[in-house]
Structure formats: structure tokens, C-alpha cells
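One file, work_28.tsv, is given below (TSV, C-alpha atoms and all ligand atoms).
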```tsv
chain	number	residue	atom	x	y	z
E	418	MET	CA	-127.83	11.39	-27.06
E	419	ASN	CA	-128.83	8.43	-29.20
E	420	PRO	CA	-132.47	7.75	-28.24
E	421	LEU	CA	-131.69	4.06	-28.03
E	422	PHE	CA	-129.46	4.68	-25.05
E	423	THR	CA	-132.14	6.60	-23.19
E	424	ALA	CA	-135.09	4.44	-24.27
E	425	VAL	CA	-133.66	1.20	-22.91
E	426	PRO	CA	-132.98	2.37	-19.36
E	427	LEU	CA	-136.30	4.22	-19.19
E	428	GLY	CA	-138.08	1.11	-20.40
E	429	LEU	CA	-136.34	-0.93	-17.74
E	430	VAL	CA	-137.30	1.56	-15.04
E	431	ALA	CA	-140.94	1.50	-16.18
E	432	ALA	CA	-140.96	-2.30	-16.28
E	433	GLY	CA	-139.37	-2.38	-12.85
E	434	GLY	CA	-142.11	-0.12	-11.52
E	435	VAL	CA	-144.83	-2.41	-12.82
E	436	VAL	CA	-143.11	-5.48	-11.39
E	437	TYR	CA	-142.72	-3.71	-8.05
E	438	ALA	CA	-146.37	-2.62	-7.99
E	439	ALA	CA	-147.59	-6.05	-9.07
E	440	ALA	CA	-145.56	-8.23	-6.78
E	441	TYR	CA	-143.99	-6.33	-3.89
E	442	PRO	CA	-146.22	-7.33	-0.96
E	443	ARG	CA	-146.41	-3.88	0.61
E	444	SER	CA	-146.72	-1.90	-2.64
E	445	GLN	CA	-149.90	0.19	-2.63
E	446	LEU	CA	-149.51	1.41	-6.23
E	447	PHE	CA	-152.32	-0.84	-7.48
E	448	GLY	CA	-154.57	0.15	-4.58
E	449	PRO	CA	-154.62	-0.42	-0.83
E	450	THR	CA	-153.87	-3.70	0.89
E	451	ILE	CA	-153.67	-4.97	4.47
E	452	CYS	CA	-150.18	-6.28	5.20
E	453	ARG	CA	-149.76	-5.76	8.95
E	454	THR	CA	-151.74	-6.27	12.15
E	455	PRO	CA	-152.66	-3.24	14.26
E	456	SER	CA	-150.56	-4.27	17.29
E	457	PRO	CA	-146.98	-5.57	17.60
E	458	ARG	CA	-148.30	-8.29	19.93
E	459	ASP	CA	-150.71	-9.59	17.30
E	460	LEU	CA	-149.42	-12.17	14.84
E	461	ALA	CA	-151.74	-13.10	11.97
E	462	LEU	CA	-151.16	-16.63	10.69
E	463	THR	CA	-152.40	-16.95	7.11
E	464	PHE	CA	-152.55	-20.06	4.92
E	465	ASP	CA	-153.00	-20.17	1.16
E	466	ASP	CA	-153.86	-22.79	-1.48
E	467	GLY	CA	-156.17	-25.08	0.54
E	468	PRO	CA	-158.38	-26.61	1.55
E	469	ASN	CA	-156.15	-29.68	1.41
E	470	PRO	CA	-157.37	-33.03	2.82
E	471	ALA	CA	-153.76	-34.20	3.28
E	472	ILE	CA	-152.70	-31.30	5.53
E	473	THR	CA	-155.51	-28.98	6.62
E	474	PRO	CA	-157.07	-31.38	9.22
E	475	GLN	CA	-153.68	-31.85	10.91
E	476	LEU	CA	-153.06	-28.12	10.79
E	477	LEU	CA	-156.44	-27.50	12.45
E	478	ASP	CA	-155.55	-29.86	15.29
E	479	LEU	CA	-152.15	-28.18	15.70
E	480	LEU	CA	-153.68	-24.70	15.79
E	481	ALA	CA	-156.30	-25.88	18.31
E	482	ARG	CA	-153.51	-27.02	20.65
E	483	TYR	CA	-152.45	-23.36	20.94
E	484	ASP	CA	-155.98	-21.98	20.75
E	485	ALA	CA	-154.83	-20.20	17.60
E	486	ARG	CA	-157.22	-18.87	14.97
E	487	ALA	CA	-155.91	-18.22	11.46
E	488	THR	CA	-157.01	-16.83	8.11
E	489	PHE	CA	-157.28	-19.27	5.19
E	490	PHE	CA	-157.22	-18.04	1.57
E	491	VAL	CA	-158.81	-20.92	-0.31
E	492	ILE	CA	-158.92	-21.89	-3.99
E	493	GLY	CA	-162.44	-22.23	-5.38
E	494	ARG	CA	-161.88	-25.44	-7.30
E	495	PHE	CA	-160.52	-27.13	-4.13
E	496	VAL	CA	-163.54	-25.89	-2.17
E	497	ARG	CA	-165.68	-27.74	-4.72
E	498	GLU	CA	-163.72	-30.95	-3.93
E	499	CYS	CA	-163.78	-30.56	-0.13
E	500	PRO	CA	-166.76	-28.49	1.03
E	501	GLY	CA	-166.81	-30.31	4.37
E	502	LEU	CA	-163.29	-29.13	5.14
E	503	LEU	CA	-164.31	-25.53	4.46
E	504	ARG	CA	-167.24	-25.92	6.86
E	505	GLU	CA	-164.86	-27.30	9.48
E	506	LEU	CA	-162.52	-24.32	9.06
E	507	GLU	CA	-165.35	-21.96	9.78
E	508	ALA	CA	-166.78	-24.07	12.62
E	509	ARG	CA	-163.40	-23.94	14.36
E	510	GLY	CA	-163.38	-20.16	14.30
E	511	HIS	CA	-161.02	-19.50	11.40
E	512	VAL	CA	-161.58	-16.79	8.82
E	513	ILE	CA	-161.98	-17.68	5.14
E	514	GLY	CA	-160.76	-15.54	2.24
E	515	ASN	CA	-160.85	-15.73	-1.56
E	516	HIS	CA	-157.69	-16.94	-3.35
E	517	SER	CA	-159.34	-17.14	-6.82
E	518	GLU	CA	-161.03	-20.04	-8.57
E	519	THR	CA	-158.03	-21.62	-10.35
E	520	HIS	CA	-154.96	-19.70	-9.06
E	521	PRO	CA	-153.84	-17.89	-12.24
E	522	ASN	CA	-151.38	-14.99	-12.26
E	523	LEU	CA	-153.84	-12.09	-12.12
E	524	PHE	CA	-151.34	-9.71	-13.71
E	525	TRP	CA	-152.28	-11.00	-17.17
E	526	LEU	CA	-156.08	-10.94	-16.75
E	527	GLY	CA	-158.52	-8.29	-17.96
E	528	ARG	CA	-161.64	-7.27	-16.09
E	529	ALA	CA	-163.89	-10.03	-17.45
E	530	SER	CA	-161.47	-12.83	-16.56
E	531	LEU	CA	-160.75	-11.28	-13.18
E	532	ARG	CA	-164.46	-11.09	-12.48
E	533	GLU	CA	-164.80	-14.78	-13.35
E	534	GLU	CA	-161.81	-15.87	-11.23
E	535	LEU	CA	-162.79	-13.86	-8.16
E	536	GLY	CA	-166.57	-14.10	-8.60
E	537	ARG	CA	-166.63	-17.87	-9.03
E	538	CYS	CA	-164.58	-18.35	-5.86
E	539	GLN	CA	-166.93	-15.97	-4.00
E	540	ASP	CA	-169.97	-17.95	-5.21
E	541	ARG	CA	-168.43	-21.28	-4.33
E	542	ILE	CA	-167.58	-20.24	-0.78
E	543	ALA	CA	-171.03	-18.66	-0.36
E	544	SER	CA	-172.71	-21.87	-1.56
E	545	VAL	CA	-170.98	-23.81	1.24
E	546	LEU	CA	-170.97	-21.28	4.08
E	547	GLY	CA	-174.02	-19.20	3.25
E	548	ALA	CA	-172.12	-15.96	2.74
E	549	PRO	CA	-169.19	-14.87	0.55
E	550	PRO	CA	-165.87	-13.81	2.11
E	551	VAL	CA	-164.85	-10.16	2.42
E	552	LEU	CA	-161.08	-10.78	2.19
E	553	MET	CA	-158.98	-11.73	-0.83
E	554	ARG	CA	-155.34	-12.58	-1.43
E	555	PRO	CA	-154.18	-12.61	-5.05
E	556	PRO	CA	-152.42	-15.78	-6.24
E	557	PHE	CA	-148.62	-15.32	-6.12
E	558	GLY	CA	-149.33	-11.98	-4.40
E	559	VAL	CA	-149.55	-10.41	-7.85
E	560	ARG	CA	-152.08	-7.78	-8.90
E	561	ASN	CA	-152.66	-5.42	-11.82
E	562	PRO	CA	-154.46	-2.06	-11.98
E	563	PHE	CA	-157.92	-3.73	-12.30
E	564	VAL	CA	-157.74	-6.23	-9.44
E	565	ASN	CA	-158.88	-4.05	-6.54
E	566	GLY	CA	-161.81	-2.59	-8.49
E	567	VAL	CA	-163.08	-5.99	-9.62
E	568	ALA	CA	-162.58	-7.39	-6.12
E	569	ARG	CA	-164.76	-4.60	-4.74
E	570	GLU	CA	-167.43	-5.33	-7.36
E	571	VAL	CA	-167.72	-8.96	-6.24
E	572	GLY	CA	-168.08	-7.98	-2.59
E	573	ILE	CA	-164.52	-8.08	-1.28
E	574	ARG	CA	-163.64	-5.38	1.22
E	575	SER	CA	-159.89	-5.88	1.68
E	576	VAL	CA	-156.93	-7.33	-0.18
E	577	VAL	CA	-154.49	-9.01	2.20
E	578	MET	CA	-150.74	-9.36	1.69
E	579	TRP	CA	-148.07	-10.07	4.34
E	580	THR	CA	-144.92	-8.93	6.12
E	581	LEU	CA	-143.17	-12.31	5.86
E	582	ILE	CA	-143.38	-15.09	3.26
E	583	PRO	CA	-140.88	-17.83	4.20
E	584	ARG	CA	-141.31	-19.67	0.85
E	585	ASP	CA	-142.53	-22.85	2.51
E	586	TRP	CA	-143.35	-24.36	-0.90
E	587	LEU	CA	-139.66	-24.89	-1.66
E	588	GLU	CA	-138.32	-28.38	-1.13
E	589	ARG	CA	-135.76	-27.46	1.49
E	590	PRO	CA	-135.10	-29.05	4.91
E	591	VAL	CA	-137.40	-28.16	7.81
E	592	GLU	CA	-134.44	-26.50	9.56
E	593	TRP	CA	-134.13	-24.09	6.63
E	594	LEU	CA	-137.82	-23.20	6.86
E	595	ILE	CA	-137.57	-22.72	10.63
E	596	ARG	CA	-134.72	-20.25	10.08
E	597	ARG	CA	-136.74	-18.42	7.42
E	598	MET	CA	-139.47	-17.86	10.04
E	599	GLN	CA	-137.02	-16.45	12.61
E	600	PRO	CA	-137.74	-12.72	11.84
E	601	ILE	CA	-141.12	-12.98	13.62
E	602	ALA	CA	-139.44	-13.94	16.91
E	603	GLY	CA	-136.66	-11.43	16.29
E	604	ARG	CA	-139.12	-8.58	15.95
E	605	ALA	CA	-141.17	-9.76	18.94
E	606	THR	CA	-138.01	-9.75	21.06
E	607	GLN	CA	-137.14	-6.24	19.86
E	608	ALA	CA	-140.63	-5.08	20.84
E	609	GLN	CA	-140.15	-6.56	24.31
E	610	THR	CA	-136.84	-4.79	24.81
E	611	GLY	CA	-138.34	-1.41	24.12
E	612	THR	CA	-137.69	-0.72	20.44
E	613	PRO	CA	-140.91	1.02	19.46
E	614	ARG	CA	-142.93	-0.76	16.81
E	615	ALA	CA	-146.44	0.19	15.87
E	616	THR	CA	-147.68	-2.89	14.02
E	617	GLY	CA	-147.44	-6.66	14.00
E	618	ASP	CA	-146.67	-9.35	11.45
E	619	VAL	CA	-148.75	-11.19	8.90
E	620	ILE	CA	-147.05	-14.45	7.91
E	621	CYS	CA	-147.99	-16.15	4.64
E	622	LEU	CA	-147.76	-19.97	4.72
E	623	HIS	CA	-149.36	-22.72	2.63
E	624	ASP	CA	-151.55	-25.64	3.67
E	625	GLY	CA	-152.02	-26.66	0.03
E	626	ASP	CA	-150.34	-26.80	-3.36
E	627	HIS	CA	-152.17	-24.71	-5.93
E	628	ARG	CA	-151.37	-27.21	-8.68
E	629	HIS	CA	-153.23	-30.16	-7.17
E	630	LEU	CA	-155.07	-31.47	-4.12
E	631	ASN	CA	-153.21	-33.41	-1.42
E	632	GLY	CA	-149.96	-31.49	-1.85
E	633	ASP	CA	-147.31	-32.24	0.77
E	634	ARG	CA	-146.96	-29.35	3.19
E	635	SER	CA	-145.73	-31.46	6.11
E	636	ARG	CA	-142.64	-29.24	6.47
E	637	THR	CA	-144.92	-26.29	7.13
E	638	LEU	CA	-146.61	-28.29	9.90
E	639	LYS	CA	-143.25	-29.23	11.43
E	640	ALA	CA	-141.97	-25.66	11.33
E	641	LEU	CA	-145.17	-24.49	13.02
E	642	GLU	CA	-144.81	-27.20	15.68
E	643	TYR	CA	-141.45	-25.62	16.43
E	644	TRP	CA	-142.57	-21.99	16.36
E	645	LEU	CA	-146.10	-21.90	17.81
E	646	PRO	CA	-145.04	-22.55	21.44
E	647	ARG	CA	-142.08	-20.18	21.08
E	648	TRP	CA	-144.19	-17.41	19.61
E	649	ARG	CA	-146.73	-17.88	22.41
E	650	ASP	CA	-143.96	-17.72	25.04
E	651	LEU	CA	-142.76	-14.44	23.48
E	652	GLY	CA	-146.19	-12.99	24.26
E	653	LEU	CA	-147.53	-13.04	20.70
E	654	GLN	CA	-151.28	-13.48	20.26
E	655	PHE	CA	-152.61	-15.31	17.23
E	656	VAL	CA	-155.22	-13.20	15.48
E	657	THR	CA	-157.31	-13.44	12.35
E	658	ILE	CA	-157.39	-10.72	9.73
E	659	SER	CA	-160.39	-8.45	9.77
E	660	ALA	CA	-161.41	-6.06	7.02
E	661	GLY	CA	-161.17	-3.30	9.63
E	662	ASP	CA	-157.42	-3.89	10.06
E	663	GLY	CA	-156.53	-1.69	7.13
E	664	PRO	CA	-157.71	0.30	4.16
E	665	SER	CA	-161.01	-0.84	2.74
E	666	LEU	CA	-161.97	-1.17	-0.92
E	667	ALA	CA	-165.44	0.07	0.02
E	668	ALA	CA	-167.13	2.87	-1.89
E	669	GLY	CA	-164.93	5.86	-2.45
E	670	GLY	CA	-161.67	4.10	-1.52
E	671	ALA	CA	-158.83	4.13	-4.02
E	672	ALA	CA	-158.89	1.04	-6.15
E	701	ZN	ZN	-151.49	-19.31	-3.70
```

Is it possible to give me this structure as C-alpha cells?
Amino acid sequence: MNPLFTAVPLGLVAAGGVVYAAAYPRSQLFGPTICRTPSPRDLALTFDDGPNPAITPQLLDLLARYDARATFFVIGRFVRECPGLLRELEARGHVIGNHSETHPNLFWLGRASLREELGRCQDRIASVLGAPPVLMRPPFGVRNPFVNGVAREVGIRSVVMWTLIPRDWLERPVEWLIRRMQPIAGRATQAQTGTPRATGDVICLHDGDHRHLNGDRSRTLKALEYWLPRWRDLGLQFVTISAGDGPSLAAGGAA
């Protein structure tokens, strides 16, 4: 056969594999990640791209109304702008994770740049809170073969992905976003009616806009106002992510 005809499809398959490994949230090909909670009753709320003075304080008040703790993956350069907000997140019992210093697509970065992006965010959080975080979520959910190893070198124990990402950054009506979040309730109802399910959901939402401070995420707040009481009434408990929830990057682990 003409090698051109075989080379093209093979190339596409290889490229597809890399794209899958880099971006599919539950792909483990570039090393282990946490993407579920250990119990079907536990729902982990996670928020990326803050801290954001325009949204995060309102979100904290909303979460407090339901006694809900969440996990916040923050951007280092926004931490520099709003250290007080980061302290408030921690004081209110939420867990902080690393979401890089400037939110680049990590797929294109080599080890030195990765170390700078992840290490600077670690240092910035540590300078405010006294200790660096042990969790990390890659910007855009995208990794490459070096990310887990570099993350481990800067003190991160687990990379966190998700089971549901409703794309709350899109400028669509609140009703659309509420529908996109429906699978959480659907799965909780299934669990109640006896369909066996071993693990629970991690939802990825955004309290900030990675491009600039004070991004408008009011639709995310409104959708949560709708869902938080309903999720609670379905028996879901709001939990934070802990490095013990899944595979660790610690010494000896695949990276
Ligand atoms: Zn992000």
C-alpha cells in the first residue's frame, strides 16, 4: 500500500492519543489524577481561576448558607492581587490548590517553564498562608508527560480533575447552565434507587476568569443558588478534596 495512505491515519491516531491523554479529564496516561470522591454521597465542589474580588466573597457567603466547604484552585498572579481573599478562603475552611502562576496551556511547556509556573504559584500561596498547597489542577485540564513529575518536585501530592465540567464560562443563559449541572442530581437519584455506584462526583466550576480579575461569574452563582438546596435535599454532602482521595504523586508513584 502507498505509505502515504497508512502514514496519515496512523499519524491521526497518534495525535488523537496525545490529545486524549492531555485533555480527557479521566485519562491517566500522563500519570495519576483524582477525579472522583470516595463515596457516592460525597460531592466535591471545585472552583478554578480565582481568587476574584467580584465573585468569590458572594460565593463564600452562598456556600456558608449550606455549610458547604469547597476546593479552590487559584491562579498565582491573582493571589498576589488579593492575598486577603485567599486568607479568607482558608479561614472559612475551604481547601486551596495550585492552578499555576499565569494559566498557560501546560501541554506546550518544558520542565523549566513548568517548574516556574507551578513553583511560583506554590511560593505565592505559601507566602500568604504559611504553607504551600498539596493539590494542583492544570489550566484547561491539560497536561503533558512532564507535568506530574514537576508537580511532585514542587511539593504537590495530587493532581485533581473532575467528573463534570458544565462549561460555566460560556455566555449562555442561567437556565442552560442549570441543565448542564443536572447529571449530578441524576446520578444521586440513581444511587438512592439502588443502582450501585462506588464513587461520587467532582464538579469543576469557575469563580474567576483566567484572563483578568473581576470576571463576571454571576451565572455560576445563580446556578449554584438553584442546585445547592436541591443537592442537599438529595442527601449529597459537600466535601473538599484531600490528597488521600486518590493516587498520590509521592515517591515511587507513577508520574
Ligand atoms: Zn482555569

### Task
Find the spatial neighbours of E:His516, counting all atoms listed in the file, within a cut-off of 10 Å - ignore same-chain residues fewer than 5 positions away - and output them as a ChimeraX atom specification.
/E:465-467,489-493,521,534-535,538-539,552-558,627

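For the choices E:Leu638, E:Leu479, E:Ile573, E:Ala461, the atom-to-atom distance to E:Val591 is smallest for E:Leu638 when using all atoms listed in the file.
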
### Task
Go through E:Val619, E:Leu502, E:Met598, E:Val551 and flag the residue nearest E:Glu570, using all atoms listed in the file for the distances.
E:Val551

### Residue neighbourhood E:Arg486, 7 Å, only C-alpha atoms, exclusion window fewer than 5 positions, as a ChimeraX atom specification
/E:480,510-511,655-657

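Between atom CA of E:Ile513 and atom CA of E:Met578 the separation is 14.4 Å.
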
Give me, as a PDB file with C-alpha atoms, in the frame of the given file, all polymer residues having an atom no more than 12 Å from E:Val576, counting all atoms listed in the file and skipping those fewer than 6 positions away in the same chain.
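Final file, selection_14.pdb:
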```pdb
ATOM      1  CA  PRO E 442    -146.220  -7.330  -0.960  1.00  0.00           C
ATOM      2  CA  ARG E 443    -146.410  -3.880   0.610  1.00  0.00           C
ATOM      3  CA  SER E 444    -146.720  -1.900  -2.640  1.00  0.00           C
ATOM      4  CA  GLN E 445    -149.900   0.190  -2.630  1.00  0.00           C
ATOM      5  CA  PHE E 447    -152.320  -0.840  -7.480  1.00  0.00           C
ATOM      6  CA  GLY E 448    -154.570   0.150  -4.580  1.00  0.00           C
ATOM      7  CA  PRO E 449    -154.620  -0.420  -0.830  1.00  0.00           C
ATOM      8  CA  THR E 450    -153.870  -3.700   0.890  1.00  0.00           C
ATOM      9  CA  ILE E 451    -153.670  -4.970   4.470  1.00  0.00           C
ATOM     10  CA  CYS E 452    -150.180  -6.280   5.200  1.00  0.00           C
ATOM     11  CA  ARG E 453    -149.760  -5.760   8.950  1.00  0.00           C
ATOM     12  CA  PHE E 490    -157.220 -18.040   1.570  1.00  0.00           C
ATOM     13  CA  GLY E 514    -160.760 -15.540   2.240  1.00  0.00           C
ATOM     14  CA  ASN E 515    -160.850 -15.730  -1.560  1.00  0.00           C
ATOM     15  CA  HIS E 516    -157.690 -16.940  -3.350  1.00  0.00           C
ATOM     16  CA  LEU E 535    -162.790 -13.860  -8.160  1.00  0.00           C
ATOM     17  CA  PRO E 550    -165.870 -13.810   2.110  1.00  0.00           C
ATOM     18  CA  VAL E 551    -164.850 -10.160   2.420  1.00  0.00           C
ATOM     19  CA  LEU E 552    -161.080 -10.780   2.190  1.00  0.00           C
ATOM     20  CA  MET E 553    -158.980 -11.730  -0.830  1.00  0.00           C
ATOM     21  CA  ARG E 554    -155.340 -12.580  -1.430  1.00  0.00           C
ATOM     22  CA  PRO E 555    -154.180 -12.610  -5.050  1.00  0.00           C
ATOM     23  CA  PRO E 556    -152.420 -15.780  -6.240  1.00  0.00           C
ATOM     24  CA  GLY E 558    -149.330 -11.980  -4.400  1.00  0.00           C
ATOM     25  CA  VAL E 559    -149.550 -10.410  -7.850  1.00  0.00           C
ATOM     26  CA  ARG E 560    -152.080  -7.780  -8.900  1.00  0.00           C
ATOM     27  CA  VAL E 564    -157.740  -6.230  -9.440  1.00  0.00           C
ATOM     28  CA  ASN E 565    -158.880  -4.050  -6.540  1.00  0.00           C
ATOM     29  CA  GLY E 566    -161.810  -2.590  -8.490  1.00  0.00           C
ATOM     30  CA  VAL E 567    -163.080  -5.990  -9.620  1.00  0.00           C
ATOM     31  CA  ALA E 568    -162.580  -7.390  -6.120  1.00  0.00           C
ATOM     32  CA  ARG E 569    -164.760  -4.600  -4.740  1.00  0.00           C
ATOM     33  CA  ILE E 658    -157.390 -10.720   9.730  1.00  0.00           C
ATOM     34  CA  SER E 659    -160.390  -8.450   9.770  1.00  0.00           C
ATOM     35  CA  ALA E 660    -161.410  -6.060   7.020  1.00  0.00           C
ATOM     36  CA  GLY E 661    -161.170  -3.300   9.630  1.00  0.00           C
ATOM     37  CA  ASP E 662    -157.420  -3.890  10.060  1.00  0.00           C
ATOM     38  CA  GLY E 663    -156.530  -1.690   7.130  1.00  0.00           C
ATOM     39  CA  PRO E 664    -157.710   0.300   4.160  1.00  0.00           C
ATOM     40  CA  SER E 665    -161.010  -0.840   2.740  1.00  0.00           C
ATOM     41  CA  LEU E 666    -161.970  -1.170  -0.920  1.00  0.00           C
ATOM     42  CA  ALA E 667    -165.440   0.070   0.020  1.00  0.00           C
ATOM     43  CA  ALA E 672    -158.890   1.040  -6.150  1.00  0.00           C
TER      44      ALA E 672
END
```

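Between atom CA of E:Asp650 and atom CA of E:Ala615 the separation is 20.3 Å.
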
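Of the residues listed (E:Ala608, E:Leu622, E:Leu460, E:Val577), E:Leu622 shows the shortest atom-to-atom separation from ligand ZN 701 (chain E); distances use all atoms listed in the file.
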
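Proximity of E:Val571, E:Leu653, E:Ile542, E:Ala640 to E:Pro590, computed with only C-alpha atoms, is greatest for E:Ala640.
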